[in-house]
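Just below is one structure, and these are the notes that go with it.
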Amino acid sequence: MGENTRDLLRFATAGSVDDGKSTLVGRLLYDTKSVLADQIEAVQRASVDKGLTTPDLSLLVDGLRAEREQGITIDVAYRYFGTPTREFVLADTPGHVQYTRNTVTGASTAELAVLLVDARNGVVEQTRRHAAVLALLRVPRLVLAINKIDLVDYDQAVLEAIAKDFAGLARSLGFADDAVVTIPVSALVGDNVVERSPHTPWYEGPTLLGHLESVPVTGPEADAPFRLPVQYVIRPRTAADARSADASRWGDLHDYRGYAGQVASGTVRPGDEVVVLPGGHRTTVASVETADGPLAAAAAGRSVTILLTDDIDLSRGDVIAAADAPPRVTDELDATLCWLAEKPLRPGARLLLKHGTRTTQVIVGDLRDRLDTDTFALEQPAELAINDIGRVALRTADPLPVDDYADIRATGGFLLIDPPTGNTLAAGLVGDPLVLVDLPSRAPSTPGP
């Protein structure tokens, strides 16, 4: 089974327009032999049609016709590839200001983000904007990929100046120094992407792929208190159900009641004291089950069925949590929204809120402030427009067991949904994730292109 036990890293790309994200992703796929021969042939033909002498690897990922015609990335593209060491899910996000909402989507589940800058331009306005979004979403690790290093003659001083500039920004946004790694790369020719470059003998760090393969994948959720939103209640009460189940282990199963879901944070073990919310009933975990049998423990990310020692009225949407560190139960939320819809948000809007496995009605109260991602100043808004990030007051029809997003992302995040259409309107974060961050108020030192 050794070949099937590779772990998984979810990461996202971000950066300004024309910094080379699509080319970098294409280079990763190409150099790790993660693309089919016919895809390579199609890219080679398209590159020749464009008058290029070498393959344009960005065409491997810019799949939409509009993306190819304009030479930009518009939508979030998820790429799946692997090496003998690790498997990867990559969210390639757009660089344009008007697609900031897509960066929010791509980074929301990322354990690491690769933030590109052009070695000729350094840290620009969009770099700062994306860094703020990644800090807001609590992405725990960053790679600052200084791309197009070949166009500045592999100058070490250029790398050090950009790295120093970005380090101040990252520190002010709450990233620890050891959470940011700087790597000089050329996506076009492959320097330090998969193979180490002979042109940067002064650089002693890892290649981009080497770092992605070796960075720890255990996120903060692993050490957080236990949470499991109940997805489904399993009750095989008929004789046929009992005969088809594992009767040797569970008897006739007429009284069997299991609660299935994915562990959102922490670890659960038989014997743990838990509380069921929002009801507040306390009980003990009798068993942690999977299709392959019982487990001694299940950590964040594992899908399991939990059996409890007491018969409790529990249904889909409830949360089973650690009794000694439960989430708070409330129907009033102070939340930060990343507004994703064309139609603006105004006070008084009646929407649906999806939190974990529960969906309830919600009314929007005050719009308390909006983050100006150009200056990082907070301002009083009359409404939230598309791509805006702002803090709002919400009141839900049902009480919800929530954590601050800054503490536990899984139970601190939610979606706002349009009731008539079912479309997602906003990504929501409970609390103010940037409240403790020293937001820089100075204007960008280098103007955007």
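Ligands are numbered from 1 in the order shown, residues from 1 within each chain, and chains are lettered A, B, ... in the order they appear in the structure tokens.
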Please tabulate, as a tab-separated table, the residues of stretch 198-316 of chain A that come within 9 Å of stretch 389-408 of chain A, each with its closest pair of atoms and the distance in Å to one decimal, counting only C-alpha atoms and ordering rows by chain, then residue number upward.
residue	atom	partner	partner_atom	distance
A:Pro220	CA	A:Ile408	CA	7.7
A:Glu221	CA	A:Ile408	CA	6.3
A:Ala224	CA	A:Ile408	CA	6.8
A:Pro225	CA	A:Ile408	CA	8.5
A:Ala264	CA	A:Ile408	CA	8.7
A:Ser265	CA	A:Ile408	CA	7.3
A:Leu277	CA	A:Pro401	CA	6.2
A:Pro278	CA	A:Pro401	CA	6.0
**OP:** Give the alpha helix (DSSP H) residues of stretch 280-417 of chain A, as DSSP finds them on the backbone, and put them as a ChimeraX atom specification.
**Re:** /A:409-412
Write a file of the just-selected residues containing C-alpha atoms, as a tab-separated table (two decimals), in the first residue's frame.
chain	number	residue	atom	x	y	z
A	409	ARG	CA	-11.25	28.07	9.18
A	410	ALA	CA	-13.70	25.19	8.68
A	411	THR	CA	-16.27	26.32	11.26
A	412	GLY	CA	-15.47	30.02	10.86
Subject >> Atom-to-atom span, atom CA of A:Val104 and atom CA of A:Phe166, Å >> reply: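 Atom-to-atom, atom CA of A:Val104 and atom CA of A:Phe166 are spaced 20.4 Å apart.
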**OP:** Would you return as a PyMOL selection string the members of stretch 177-388 of chain A that DSSP assigns to strand (DSSP E or B) on this structure's backbone?
**Re:** chain A and resi 180-184+186+191+195+227-229+232-234+258-262+265+267-268+273-277+281-290+293-295+298-299+303-308+319-322+328-339+345+350-355+358-371+378-379+384
Original post:
Between A:Asp418, A:Asp372, A:Asp18, A:Glu41, which has the minimum distance to A:Lys354 (counting only C-alpha atoms)?
Top reply: A:Asp418
Considering only C-alpha atoms, give me a table of residues in stretch 149-267 of chain A that are at most 6 Å from stretch 291-305 of chain A, with the closest atom pair and distance in Å for each, as JSON lines.
{"residue": "A:Ala222", "atom": "CA", "partner": "A:Ala300", "partner_atom": "CA", "distance": 5.6}
{"residue": "A:Gly258", "atom": "CA", "partner": "A:Thr305", "partner_atom": "CA", "distance": 5.7}
{"residue": "A:Tyr259", "atom": "CA", "partner": "A:Thr305", "partner_atom": "CA", "distance": 5.1}
{"residue": "A:Ala260", "atom": "CA", "partner": "A:Thr305", "partner_atom": "CA", "distance": 4.1}
{"residue": "A:Gly261", "atom": "CA", "partner": "A:Ser303", "partner_atom": "CA", "distance": 5.6}
{"residue": "A:Gln262", "atom": "CA", "partner": "A:Ser303", "partner_atom": "CA", "distance": 4.1}
{"residue": "A:Val263", "atom": "CA", "partner": "A:Ala300", "partner_atom": "CA", "distance": 4.8}
{"residue": "A:Ala264", "atom": "CA", "partner": "A:Ala300", "partner_atom": "CA", "distance": 5.3}
{"residue": "A:Ser265", "atom": "CA", "partner": "A:Ala300", "partner_atom": "CA", "distance": 4.6}
{"residue": "A:Gly266", "atom": "CA", "partner": "A:Ala300", "partner_atom": "CA", "distance": 5.5}
{"residue": "A:Thr267", "atom": "CA", "partner": "A:Ala299", "partner_atom": "CA", "distance": 4.2}
Subject >> Atomic separation - atom CA of A:Ser108 relative to atom CA of A:Arg141, Å >> reply: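 For atom CA of A:Arg141 relative to atom CA of A:Ser108, the distance reads 12.9 Å.
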Original post:
What is the atom CA of A:Leu173-atom CA of A:Val124 distance in Å, reported with one decimal?
Top reply: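 Value for the atom CA of A:Leu173-atom CA of A:Val124 distance: 15.7 Å.
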